[in-house]
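Participant: Here it is, the structure in full.
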Amino acid sequence: LAFDAHDAELLRAEHLAHLAAQDWPLLRVALQPSVQWLTLQHNSLELWRALKHEQAFPGSHALEHAETCLIWREQLVTRYRSLDPAQAQALQAMACEGLNFAELCDSLQELGEQAPVQAARWLHQWLSDGLLVKAT
């Protein structure tokens with residue numbers, strides 16, 4: 001599904017560099033069409049990485065906590081990476097549920113004054129990975 005998804009114009013950090021300070025709180029994004037979410041109950045990524053790097057087979061087992069894996073296409077290459085639960089929840093909230101940047105920061109209130117910093121770090125990572133497009 002990730003490989004066969006249609007192309008879309010990705011949102012890049014350069015686009016946001018021109019965003020006026022007063023527009024940041026209202027920033028909304030969406031996932032680009034090739035992004036697929038997987039919730040893994042077993043150590044599938046660990047198995048895949050061992051195979052890819054020709055390492056010893058770690059054995060299959062159930063995970064204590066489910067793992068979120070994103071899969072997407074960058075040009076003609078399929079990419080993947082896991083997300084820690086907090087980042088997965090933040091990406092889901094902003095890119096799928098429609099929270100704007102200010103609302104994302106508010107949702108991270110347990111981080112206190114660091115909430116906007118963490119939100120900006122995640123946003124930068126998502127842009128660097130090529131996961132986002134402008135919300136419509």
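Chains: A, B, ... in order of the structure tokens. Residues: from 1 per chain. Ligands: from 1, in order shown.
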Tell me which protein, DNA and RNA residues are within 9 Å of segment 38-51 of chain A, counting only C-alpha atoms, leaving out same-chain ones fewer than 3 positions away, and put them as an MDAnalysis selection string.
Facilitator: chainID A and resid 54:71 81:82
Participant: Write out as a PyMOL selection string the set of residues from segment 4-121 of chain A that DSSP, computed on the backbone, places in strand (DSSP E).
Facilitator: chain A and resi 29-31+36-42+62-74+77-83
Participant: Leaving out Leu104 of chain A and any residue of its chain fewer than 3 positions from it, which residues lie within 9 Å of it when counting only C-alpha atoms, given as a list of chain:residue names?
Facilitator: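 So the residues in contact are A:Ala90, A:Ala93, A:Met94, A:Leu99, A:Asn100, A:Phe101, A:Ser107, A:Leu108, A:Ala115, A:Pro116, A:Ala119.
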Participant: Looking at only C-alpha atoms, which of A:Ala21, A:Leu91, A:Trp126, A:Leu132 is the one that sits closest to Ser34 of chain A?
Facilitator: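 Comparing A:Ala21, A:Leu91, A:Trp126, A:Leu132 against Ser34 of chain A, the winner is A:Leu132.
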Participant: Kindly give the distance, in Å, that separates atom CA of Asp84 of chain A and atom CA of Trp24 of chain A, rounded to a single decimal.
Facilitator: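 It comes out at 24.8 Å.
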Participant: Taking the DSSP assignment computed from this structure's backbone, write out as a PyMOL selection string all residues of segment 70-109 of chain A that belong to helix (DSSP H, G or I).
Facilitator: chain A and resi 85-96+101-107+109
Participant: Measure the distance from atom CA of His15 of chain A to atom CA of Glu110 of chain A in Å and round it to one decimal.
Facilitator: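 Separating atom CA of His15 of chain A from atom CA of Glu110 of chain A is a distance of 29.5 Å.
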Participant: For Val117 of chain A, find every residue with an atom within 12 Å (counting only C-alpha atoms), except residues of its own chain fewer than 4 positions away, and show them as a ChimeraX atom specification.
Facilitator: /A:101-102,104-106,108-109,111-113,121-124
Participant: What separation in Å, quoted to one decimal, exists between atom CA of Arg28 of chain A and atom CA of Phe3 of chain A?
Facilitator: 25.1 Å
